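> Just one file: work32.txt, with compact mmCIF, N, CA and C atoms.
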```txt
# COMPACT_ATOMS: atom_id res chain seq x y z
N MET A 16 67.62 116.81 51.32
CA MET A 16 68.04 116.12 50.12
C MET A 16 67.40 114.72 50.13
N PRO A 17 66.77 114.35 49.01
CA PRO A 17 66.16 113.01 48.94
C PRO A 17 67.23 111.91 49.04
N ARG A 18 66.82 110.81 49.62
CA ARG A 18 67.74 109.68 49.79
C ARG A 18 68.28 109.20 48.43
N SER A 19 67.44 109.21 47.41
CA SER A 19 67.88 108.76 46.09
C SER A 19 69.01 109.64 45.55
N ARG A 20 68.93 110.94 45.83
CA ARG A 20 70.00 111.85 45.38
C ARG A 20 71.30 111.56 46.14
N LEU A 21 71.19 111.26 47.42
CA LEU A 21 72.38 110.92 48.21
C LEU A 21 73.04 109.67 47.65
N TYR A 22 72.25 108.64 47.35
CA TYR A 22 72.81 107.41 46.77
C TYR A 22 73.43 107.68 45.40
N GLU A 23 72.80 108.54 44.64
CA GLU A 23 73.34 108.91 43.33
C GLU A 23 74.70 109.58 43.51
N MET A 24 74.79 110.48 44.46
CA MET A 24 76.06 111.17 44.71
C MET A 24 77.13 110.18 45.17
N LEU A 25 76.76 109.23 46.00
CA LEU A 25 77.72 108.22 46.45
C LEU A 25 78.20 107.36 45.28
N ARG A 26 77.28 106.97 44.40
CA ARG A 26 77.68 106.22 43.20
C ARG A 26 78.60 107.06 42.33
N PHE A 27 78.28 108.35 42.21
CA PHE A 27 79.12 109.24 41.41
C PHE A 27 80.53 109.32 41.98
N VAL A 28 80.63 109.42 43.30
CA VAL A 28 81.94 109.49 43.95
C VAL A 28 82.71 108.19 43.75
N PHE A 29 82.03 107.06 43.87
CA PHE A 29 82.69 105.76 43.69
C PHE A 29 83.20 105.61 42.25
N VAL A 30 82.35 105.89 41.27
CA VAL A 30 82.75 105.79 39.86
C VAL A 30 83.85 106.81 39.57
N GLY A 31 83.68 108.01 40.07
CA GLY A 31 84.70 109.04 39.88
C GLY A 31 86.03 108.66 40.50
N GLY A 32 85.97 108.03 41.68
CA GLY A 32 87.20 107.59 42.34
C GLY A 32 87.93 106.54 41.53
N ALA A 33 87.18 105.59 40.99
CA ALA A 33 87.79 104.56 40.15
C ALA A 33 88.41 105.17 38.89
N CYS A 34 87.69 106.10 38.29
CA CYS A 34 88.21 106.76 37.09
C CYS A 34 89.39 107.67 37.43
N PHE A 35 89.37 108.27 38.61
CA PHE A 35 90.51 109.07 39.05
C PHE A 35 91.75 108.19 39.18
N LEU A 36 91.59 107.01 39.78
CA LEU A 36 92.74 106.11 39.92
C LEU A 36 93.30 105.73 38.56
N LEU A 37 92.42 105.50 37.59
CA LEU A 37 92.86 105.24 36.23
C LEU A 37 93.61 106.44 35.66
N ASP A 38 93.03 107.61 35.79
CA ASP A 38 93.63 108.86 35.32
C ASP A 38 94.99 109.09 35.98
N TYR A 39 95.05 108.97 37.29
CA TYR A 39 96.27 109.22 38.07
C TYR A 39 97.36 108.21 37.71
N GLY A 40 96.97 106.95 37.60
CA GLY A 40 97.93 105.91 37.25
C GLY A 40 98.48 106.10 35.85
N LEU A 41 97.61 106.39 34.89
CA LEU A 41 98.06 106.63 33.53
C LEU A 41 98.97 107.86 33.44
N LEU A 42 98.62 108.91 34.17
CA LEU A 42 99.48 110.10 34.20
C LEU A 42 100.89 109.73 34.63
N TYR A 43 100.99 108.97 35.69
CA TYR A 43 102.31 108.58 36.20
C TYR A 43 103.06 107.68 35.20
N ILE A 44 102.38 106.68 34.69
CA ILE A 44 103.02 105.73 33.77
C ILE A 44 103.48 106.44 32.50
N LEU A 45 102.61 107.27 31.93
CA LEU A 45 102.95 107.96 30.69
C LEU A 45 104.07 108.98 30.88
N THR A 46 104.13 109.60 32.05
CA THR A 46 105.16 110.60 32.30
C THR A 46 106.47 109.94 32.75
N ALA A 47 106.39 109.09 33.76
CA ALA A 47 107.61 108.50 34.35
C ALA A 47 108.23 107.41 33.49
N TYR A 48 107.40 106.60 32.85
CA TYR A 48 107.93 105.46 32.10
C TYR A 48 107.94 105.64 30.60
N ALA A 49 106.94 106.31 30.05
CA ALA A 49 106.90 106.52 28.60
C ALA A 49 107.63 107.81 28.21
N GLY A 50 107.94 108.65 29.20
CA GLY A 50 108.71 109.86 28.94
C GLY A 50 107.95 111.00 28.30
N LEU A 51 106.62 110.94 28.35
CA LEU A 51 105.83 112.04 27.78
C LEU A 51 105.87 113.26 28.70
N TYR A 52 105.76 114.43 28.10
CA TYR A 52 105.64 115.67 28.86
C TYR A 52 104.39 115.59 29.72
N TYR A 53 104.45 116.08 30.94
CA TYR A 53 103.35 115.88 31.89
C TYR A 53 102.00 116.41 31.39
N LEU A 54 101.99 117.50 30.62
CA LEU A 54 100.72 118.02 30.11
C LEU A 54 100.13 117.11 29.03
N VAL A 55 100.98 116.48 28.23
CA VAL A 55 100.50 115.51 27.24
C VAL A 55 99.95 114.29 27.97
N SER A 56 100.69 113.80 28.95
CA SER A 56 100.23 112.65 29.75
C SER A 56 98.92 112.97 30.44
N ALA A 57 98.80 114.18 30.98
CA ALA A 57 97.58 114.58 31.68
C ALA A 57 96.39 114.61 30.72
N ALA A 58 96.60 115.08 29.51
CA ALA A 58 95.51 115.13 28.52
C ALA A 58 95.08 113.72 28.11
N VAL A 59 96.03 112.85 27.86
CA VAL A 59 95.72 111.48 27.45
C VAL A 59 95.01 110.73 28.57
N SER A 60 95.56 110.81 29.78
CA SER A 60 94.97 110.07 30.90
C SER A 60 93.57 110.59 31.23
N PHE A 61 93.38 111.89 31.17
CA PHE A 61 92.08 112.50 31.43
C PHE A 61 91.06 112.02 30.39
N THR A 62 91.45 112.03 29.13
CA THR A 62 90.55 111.64 28.05
C THR A 62 90.13 110.18 28.16
N VAL A 63 91.07 109.30 28.44
CA VAL A 63 90.75 107.89 28.63
C VAL A 63 89.76 107.72 29.78
N SER A 64 90.02 108.40 30.87
CA SER A 64 89.14 108.25 32.03
C SER A 64 87.76 108.84 31.77
N VAL A 65 87.65 109.86 30.92
CA VAL A 65 86.34 110.44 30.58
C VAL A 65 85.47 109.42 29.86
N PHE A 66 86.04 108.69 28.91
CA PHE A 66 85.25 107.70 28.18
C PHE A 66 84.77 106.57 29.09
N ILE A 67 85.64 106.12 29.98
CA ILE A 67 85.25 105.08 30.94
C ILE A 67 84.19 105.65 31.89
N ASN A 68 84.41 106.88 32.34
CA ASN A 68 83.47 107.53 33.24
C ASN A 68 82.09 107.69 32.60
N TYR A 69 82.07 108.05 31.33
CA TYR A 69 80.80 108.23 30.62
C TYR A 69 79.99 106.93 30.66
N TRP A 70 80.64 105.85 30.28
CA TRP A 70 79.95 104.56 30.26
C TRP A 70 79.46 104.17 31.65
N LEU A 71 80.32 104.33 32.68
CA LEU A 71 79.93 103.98 34.04
C LEU A 71 78.82 104.88 34.57
N CYS A 72 78.82 106.15 34.19
CA CYS A 72 77.75 107.06 34.62
C CYS A 72 76.41 106.61 34.05
N LEU A 73 76.41 106.19 32.80
CA LEU A 73 75.17 105.72 32.20
C LEU A 73 74.68 104.42 32.83
N VAL A 74 75.61 103.53 33.12
CA VAL A 74 75.25 102.20 33.62
C VAL A 74 74.96 102.22 35.12
N CYS A 75 75.76 102.96 35.88
CA CYS A 75 75.71 102.84 37.35
C CYS A 75 75.22 104.08 38.10
N VAL A 76 75.51 105.25 37.62
CA VAL A 76 75.28 106.46 38.44
C VAL A 76 73.92 107.07 38.19
N PHE A 77 73.67 107.53 36.99
CA PHE A 77 72.46 108.27 36.67
C PHE A 77 71.44 107.33 36.06
N ARG A 78 70.78 106.61 36.90
CA ARG A 78 69.79 105.63 36.44
C ARG A 78 68.65 106.34 35.74
N GLY A 79 68.12 105.71 34.73
CA GLY A 79 67.06 106.33 33.95
C GLY A 79 67.60 107.19 32.84
N ALA A 80 68.88 107.08 32.56
CA ALA A 80 69.49 107.89 31.50
C ALA A 80 69.73 107.07 30.24
N ASP A 81 68.98 105.96 30.09
CA ASP A 81 69.20 105.07 28.96
C ASP A 81 68.92 105.75 27.62
N ALA A 82 67.88 106.51 27.57
CA ALA A 82 67.45 107.12 26.31
C ALA A 82 68.07 108.50 26.15
N GLN A 83 69.37 108.53 26.08
CA GLN A 83 70.04 109.81 25.94
C GLN A 83 69.86 110.37 24.54
N THR A 84 69.60 111.64 24.47
CA THR A 84 69.49 112.31 23.19
C THR A 84 70.89 112.70 22.71
N ARG A 85 70.94 113.04 21.45
CA ARG A 85 72.21 113.53 20.89
C ARG A 85 72.66 114.79 21.64
N ARG A 86 71.70 115.63 21.97
CA ARG A 86 72.00 116.86 22.72
C ARG A 86 72.61 116.54 24.07
N ALA A 87 72.05 115.55 24.78
CA ALA A 87 72.58 115.18 26.10
C ALA A 87 74.00 114.66 25.99
N LYS A 88 74.25 113.86 24.95
CA LYS A 88 75.61 113.35 24.74
C LYS A 88 76.58 114.48 24.46
N MET A 89 76.14 115.43 23.65
CA MET A 89 77.00 116.58 23.33
C MET A 89 77.29 117.40 24.58
N LEU A 90 76.28 117.59 25.44
CA LEU A 90 76.49 118.32 26.68
C LEU A 90 77.46 117.57 27.60
N PHE A 91 77.30 116.25 27.66
CA PHE A 91 78.18 115.44 28.51
C PHE A 91 79.63 115.58 28.05
N PHE A 92 79.86 115.36 26.76
CA PHE A 92 81.23 115.44 26.26
C PHE A 92 81.73 116.88 26.18
N GLY A 93 80.83 117.82 25.96
CA GLY A 93 81.22 119.23 26.00
C GLY A 93 81.71 119.64 27.37
N SER A 94 81.01 119.16 28.41
CA SER A 94 81.45 119.46 29.77
C SER A 94 82.78 118.77 30.06
N SER A 95 82.99 117.61 29.45
CA SER A 95 84.26 116.90 29.63
C SER A 95 85.41 117.65 28.96
N ILE A 96 85.15 118.20 27.79
CA ILE A 96 86.18 118.98 27.10
C ILE A 96 86.52 120.22 27.92
N ALA A 97 85.49 120.86 28.46
CA ALA A 97 85.74 122.01 29.34
C ALA A 97 86.49 121.58 30.59
N GLY A 98 86.14 120.40 31.12
CA GLY A 98 86.86 119.85 32.28
C GLY A 98 88.32 119.58 31.95
N LEU A 99 88.58 119.08 30.74
CA LEU A 99 89.96 118.86 30.29
C LEU A 99 90.71 120.19 30.25
N GLY A 100 90.06 121.22 29.70
CA GLY A 100 90.70 122.54 29.67
C GLY A 100 91.00 123.06 31.06
N LEU A 101 90.05 122.89 31.97
CA LEU A 101 90.26 123.31 33.36
C LEU A 101 91.39 122.51 33.99
N ASN A 102 91.41 121.20 33.75
CA ASN A 102 92.47 120.34 34.27
C ASN A 102 93.84 120.81 33.78
N GLN A 103 93.93 121.07 32.47
CA GLN A 103 95.21 121.48 31.90
C GLN A 103 95.66 122.84 32.44
N LEU A 104 94.72 123.76 32.57
CA LEU A 104 95.04 125.08 33.12
C LEU A 104 95.54 124.96 34.56
N LEU A 105 94.84 124.16 35.36
CA LEU A 105 95.25 123.97 36.75
C LEU A 105 96.61 123.27 36.84
N MET A 106 96.80 122.24 36.01
CA MET A 106 98.10 121.53 36.03
C MET A 106 99.24 122.47 35.66
N TYR A 107 99.07 123.23 34.59
CA TYR A 107 100.11 124.18 34.19
C TYR A 107 100.37 125.20 35.30
N SER A 108 99.30 125.77 35.84
CA SER A 108 99.45 126.80 36.88
C SER A 108 100.15 126.23 38.11
N LEU A 109 99.75 125.05 38.52
CA LEU A 109 100.32 124.48 39.74
C LEU A 109 101.74 123.96 39.53
N VAL A 110 102.03 123.38 38.37
CA VAL A 110 103.36 122.81 38.13
C VAL A 110 104.35 123.87 37.67
N ASP A 111 104.03 124.58 36.60
CA ASP A 111 104.99 125.51 36.03
C ASP A 111 105.06 126.85 36.76
N LEU A 112 103.95 127.30 37.29
CA LEU A 112 103.95 128.61 37.95
C LEU A 112 104.15 128.50 39.46
N ALA A 113 103.50 127.54 40.11
CA ALA A 113 103.62 127.38 41.56
C ALA A 113 104.69 126.37 41.96
N HIS A 114 105.26 125.66 40.97
CA HIS A 114 106.35 124.70 41.19
C HIS A 114 105.96 123.57 42.14
N ILE A 115 104.75 123.05 41.95
CA ILE A 115 104.28 121.89 42.71
C ILE A 115 104.50 120.66 41.84
N HIS A 116 104.94 119.56 42.42
CA HIS A 116 105.17 118.32 41.68
C HIS A 116 103.89 117.93 40.94
N TYR A 117 104.04 117.42 39.73
CA TYR A 117 102.86 117.15 38.89
C TYR A 117 101.89 116.15 39.50
N MET A 118 102.37 115.21 40.30
CA MET A 118 101.46 114.24 40.91
C MET A 118 100.65 114.87 42.05
N ILE A 119 101.23 115.80 42.76
CA ILE A 119 100.50 116.55 43.80
C ILE A 119 99.52 117.52 43.14
N ALA A 120 99.99 118.17 42.08
CA ALA A 120 99.13 119.11 41.34
C ALA A 120 97.90 118.39 40.80
N LYS A 121 98.06 117.15 40.37
CA LYS A 121 96.94 116.38 39.83
C LYS A 121 95.88 116.14 40.91
N LEU A 122 96.31 115.90 42.14
CA LEU A 122 95.36 115.72 43.24
C LEU A 122 94.50 116.96 43.45
N ILE A 123 95.13 118.12 43.41
CA ILE A 123 94.43 119.39 43.59
C ILE A 123 93.48 119.63 42.41
N ALA A 124 94.01 119.47 41.21
CA ALA A 124 93.21 119.70 40.01
C ALA A 124 92.02 118.74 39.96
N ALA A 125 92.24 117.51 40.33
CA ALA A 125 91.16 116.51 40.28
C ALA A 125 90.01 116.87 41.22
N GLY A 126 90.31 117.40 42.39
CA GLY A 126 89.26 117.80 43.31
C GLY A 126 88.40 118.92 42.75
N ILE A 127 89.02 119.87 42.13
CA ILE A 127 88.29 120.99 41.54
C ILE A 127 87.48 120.53 40.33
N VAL A 128 88.09 119.74 39.48
CA VAL A 128 87.40 119.26 38.28
C VAL A 128 86.26 118.32 38.65
N MET A 129 86.39 117.56 39.73
CA MET A 129 85.33 116.66 40.16
C MET A 129 84.04 117.43 40.46
N LEU A 130 84.14 118.54 41.15
CA LEU A 130 82.96 119.35 41.43
C LEU A 130 82.33 119.87 40.14
N TRP A 131 83.16 120.34 39.25
CA TRP A 131 82.72 120.82 37.95
C TRP A 131 81.96 119.71 37.22
N ASN A 132 82.56 118.52 37.20
CA ASN A 132 81.98 117.39 36.47
C ASN A 132 80.63 116.97 37.03
N TYR A 133 80.49 116.92 38.33
CA TYR A 133 79.22 116.46 38.90
C TYR A 133 78.08 117.38 38.47
N VAL A 134 78.28 118.65 38.66
CA VAL A 134 77.21 119.61 38.36
C VAL A 134 76.85 119.58 36.88
N LEU A 135 77.84 119.66 36.01
CA LEU A 135 77.55 119.74 34.58
C LEU A 135 77.11 118.41 33.99
N LYS A 136 77.71 117.31 34.42
CA LYS A 136 77.33 116.02 33.85
C LYS A 136 75.96 115.58 34.32
N ARG A 137 75.60 115.94 35.52
CA ARG A 137 74.24 115.60 35.99
C ARG A 137 73.22 116.31 35.12
N ARG A 138 73.49 117.56 34.82
CA ARG A 138 72.58 118.32 33.95
C ARG A 138 72.57 117.74 32.53
N ALA A 139 73.73 117.31 32.07
CA ALA A 139 73.81 116.77 30.71
C ALA A 139 73.06 115.46 30.60
N VAL A 140 73.16 114.62 31.61
CA VAL A 140 72.56 113.31 31.54
C VAL A 140 71.08 113.34 31.90
N LEU A 141 70.71 114.08 32.92
CA LEU A 141 69.32 114.06 33.40
C LEU A 141 68.53 115.33 33.08
N GLY A 142 69.19 116.32 32.56
CA GLY A 142 68.51 117.59 32.33
C GLY A 142 68.66 118.48 33.56
N ALA A 143 67.96 119.55 33.61
CA ALA A 143 68.12 120.55 34.67
C ALA A 143 67.46 120.16 35.99
N SER A 144 66.86 118.99 36.09
CA SER A 144 66.15 118.60 37.33
C SER A 144 67.06 118.47 38.52
```
Take the structure I supplied and represent it as structure tokens, if you would.

Amino acid sequence: MPRSRLYEMLRFVFVGGACFLLDYGLLYILTAYAGLYYLVSAAVSFTVSVFINYWLCLVCVFRGADAQTRRAKMLFFGSSIAGLGLNQLLMYSLVDLAHIHYMIAKLIAAGIVMLWNYVLKRRAVLGAS
């Protein structure tokens, strides 16, 4: 693996970690303090973190992605919508079916969705290279 790809992956993990903390914190605040149903909170927190993540990926992670095409943006956000669907499915399955606390379920779901996001967003931003 080229060194530049390793650094890119490290930047992706750092940005993703920061966005995860935002997502996780918002999930807790919206559920515990605002009284929203956990799946509504999960959708809102995920969506907010996706927009922040998008901007940070362009600025910090995938260098050379300044001239994004409309198609690349659609792929990026399309993968995010699919990631939201995967997140919601995992949250429902883990909380309602497996009876795992929603904050623990979010940790599990986030790990799975993170892998999904890296592969698809890299392709969306940089193409198939």
> Here's a test: counting only C-alpha atoms, identify every protein, DNA and RNA residue with an atom at most 12 Å from (96.5, 117.6, 43.3) in the file's coordinate frame, and state them as a PDB file with N, CA and C atoms, keeping the file's coordinate frame.

```
ATOM      1  N   PHE A  35      89.370 108.270  38.610  1.00  0.00           N
ATOM      2  CA  PHE A  35      90.510 109.070  39.050  1.00  0.00           C
ATOM      3  C   PHE A  35      91.750 108.190  39.180  1.00  0.00           C
ATOM      4  N   TYR A  39      95.050 108.970  37.290  1.00  0.00           N
ATOM      5  CA  TYR A  39      96.270 109.220  38.070  1.00  0.00           C
ATOM      6  C   TYR A  39      97.360 108.210  37.710  1.00  0.00           C
ATOM      7  N   ASN A 102      91.410 121.200  33.750  1.00  0.00           N
ATOM      8  CA  ASN A 102      92.470 120.340  34.270  1.00  0.00           C
ATOM      9  C   ASN A 102      93.840 120.810  33.780  1.00  0.00           C
ATOM     10  N   LEU A 105      94.840 124.160  35.360  1.00  0.00           N
ATOM     11  CA  LEU A 105      95.250 123.970  36.750  1.00  0.00           C
ATOM     12  C   LEU A 105      96.610 123.270  36.840  1.00  0.00           C
ATOM     13  N   MET A 106      96.800 122.240  36.010  1.00  0.00           N
ATOM     14  CA  MET A 106      98.100 121.530  36.030  1.00  0.00           C
ATOM     15  C   MET A 106      99.240 122.470  35.660  1.00  0.00           C
ATOM     16  N   TYR A 107      99.070 123.230  34.590  1.00  0.00           N
ATOM     17  CA  TYR A 107     100.110 124.180  34.190  1.00  0.00           C
ATOM     18  C   TYR A 107     100.370 125.200  35.300  1.00  0.00           C
ATOM     19  N   SER A 108      99.300 125.770  35.840  1.00  0.00           N
ATOM     20  CA  SER A 108      99.450 126.800  36.880  1.00  0.00           C
ATOM     21  C   SER A 108     100.150 126.230  38.110  1.00  0.00           C
ATOM     22  N   LEU A 109      99.750 125.050  38.520  1.00  0.00           N
ATOM     23  CA  LEU A 109     100.320 124.480  39.740  1.00  0.00           C
ATOM     24  C   LEU A 109     101.740 123.960  39.530  1.00  0.00           C
ATOM     25  N   VAL A 110     102.030 123.380  38.370  1.00  0.00           N
ATOM     26  CA  VAL A 110     103.360 122.810  38.130  1.00  0.00           C
ATOM     27  C   VAL A 110     104.350 123.870  37.670  1.00  0.00           C
ATOM     28  N   ILE A 115     104.750 123.050  41.950  1.00  0.00           N
ATOM     29  CA  ILE A 115     104.280 121.890  42.710  1.00  0.00           C
ATOM     30  C   ILE A 115     104.500 120.660  41.840  1.00  0.00           C
ATOM     31  N   HIS A 116     104.940 119.560  42.420  1.00  0.00           N
ATOM     32  CA  HIS A 116     105.170 118.320  41.680  1.00  0.00           C
ATOM     33  C   HIS A 116     103.890 117.930  40.940  1.00  0.00           C
ATOM     34  N   TYR A 117     104.040 117.420  39.730  1.00  0.00           N
ATOM     35  CA  TYR A 117     102.860 117.150  38.890  1.00  0.00           C
ATOM     36  C   TYR A 117     101.890 116.150  39.500  1.00  0.00           C
ATOM     37  N   MET A 118     102.370 115.210  40.300  1.00  0.00           N
ATOM     38  CA  MET A 118     101.460 114.240  40.910  1.00  0.00           C
ATOM     39  C   MET A 118     100.650 114.870  42.050  1.00  0.00           C
ATOM     40  N   ILE A 119     101.230 115.800  42.760  1.00  0.00           N
ATOM     41  CA  ILE A 119     100.500 116.550  43.800  1.00  0.00           C
ATOM     42  C   ILE A 119      99.520 117.520  43.140  1.00  0.00           C
ATOM     43  N   ALA A 120      99.990 118.170  42.080  1.00  0.00           N
ATOM     44  CA  ALA A 120      99.130 119.110  41.340  1.00  0.00           C
ATOM     45  C   ALA A 120      97.900 118.390  40.800  1.00  0.00           C
ATOM     46  N   LYS A 121      98.060 117.150  40.370  1.00  0.00           N
ATOM     47  CA  LYS A 121      96.940 116.380  39.830  1.00  0.00           C
ATOM     48  C   LYS A 121      95.880 116.140  40.910  1.00  0.00           C
ATOM     49  N   LEU A 122      96.310 115.900  42.140  1.00  0.00           N
ATOM     50  CA  LEU A 122      95.360 115.720  43.240  1.00  0.00           C
ATOM     51  C   LEU A 122      94.500 116.960  43.450  1.00  0.00           C
ATOM     52  N   ILE A 123      95.130 118.120  43.410  1.00  0.00           N
ATOM     53  CA  ILE A 123      94.430 119.390  43.590  1.00  0.00           C
ATOM     54  C   ILE A 123      93.480 119.630  42.410  1.00  0.00           C
ATOM     55  N   ALA A 124      94.010 119.470  41.210  1.00  0.00           N
ATOM     56  CA  ALA A 124      93.210 119.700  40.010  1.00  0.00           C
ATOM     57  C   ALA A 124      92.020 118.740  39.960  1.00  0.00           C
ATOM     58  N   ALA A 125      92.240 117.510  40.330  1.00  0.00           N
ATOM     59  CA  ALA A 125      91.160 116.510  40.280  1.00  0.00           C
ATOM     60  C   ALA A 125      90.010 116.870  41.220  1.00  0.00           C
ATOM     61  N   GLY A 126      90.310 117.400  42.390  1.00  0.00           N
ATOM     62  CA  GLY A 126      89.260 117.800  43.310  1.00  0.00           C
ATOM     63  C   GLY A 126      88.400 118.920  42.750  1.00  0.00           C
ATOM     64  N   ILE A 127      89.020 119.870  42.130  1.00  0.00           N
ATOM     65  CA  ILE A 127      88.290 120.990  41.540  1.00  0.00           C
ATOM     66  C   ILE A 127      87.480 120.530  40.330  1.00  0.00           C
ATOM     67  N   VAL A 128      88.090 119.740  39.480  1.00  0.00           N
ATOM     68  CA  VAL A 128      87.400 119.260  38.280  1.00  0.00           C
ATOM     69  C   VAL A 128      86.260 118.320  38.650  1.00  0.00           C
ATOM     70  N   MET A 129      86.390 117.560  39.730  1.00  0.00           N
ATOM     71  CA  MET A 129      85.330 116.660  40.160  1.00  0.00           C
ATOM     72  C   MET A 129      84.040 117.430  40.460  1.00  0.00           C
TER      73      MET A 129
END
```
> How far is it from atom CA of Phe77 of chain A to atom CA of Val59 of chain A, in Å with one decimal?
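Computing the Euclidean distance for atom CA of Phe77 of chain A and atom CA of Val59 of chain A yields 25.2 Å.
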> What does the distance from atom N of Asn132 of chain A to atom C of Tyr52 of chain A come to in Å, to one decimal?
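Atom C of Tyr52 of chain A lies at a distance of 23.3 Å from atom N of Asn132 of chain A.
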> Taking 3 positions as the minimum chain separation for residues in the same chain, which residues sit within 7 Å of Asn68 of chain A when counting only N, CA and C atoms? Answer as a ChimeraX atom specification.
/A:30-31,34,63-65,71-73
> I'd like to know which of A:Arg78, A:Trp131, A:Leu36, A:Leu42 is closest to Gly98 of chain A, using only N, CA and C atoms.
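Of A:Arg78, A:Trp131, A:Leu36, A:Leu42, the one nearest Gly98 of chain A is A:Trp131, counting only N, CA and C atoms.
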> Quick one: pick out all alpha helix (DSSP H) residues within segment 36-81 of chain A from a backbone DSSP run and write them as a PyMOL selection string.
chain A and resi 36-43+53-71
> With distances taken over only C-alpha atoms, which residue among A:Leu135, A:Leu45, A:Gly40, A:Arg26 lies nearest Leu90 of chain A?
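Closest candidate: A:Leu135.
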> Have a look at atom C of Tyr133 of chain A and atom N of Ile96 of chain A and let me know their distance in Å, one decimal.
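Those two atoms sit 12.8 Å apart.
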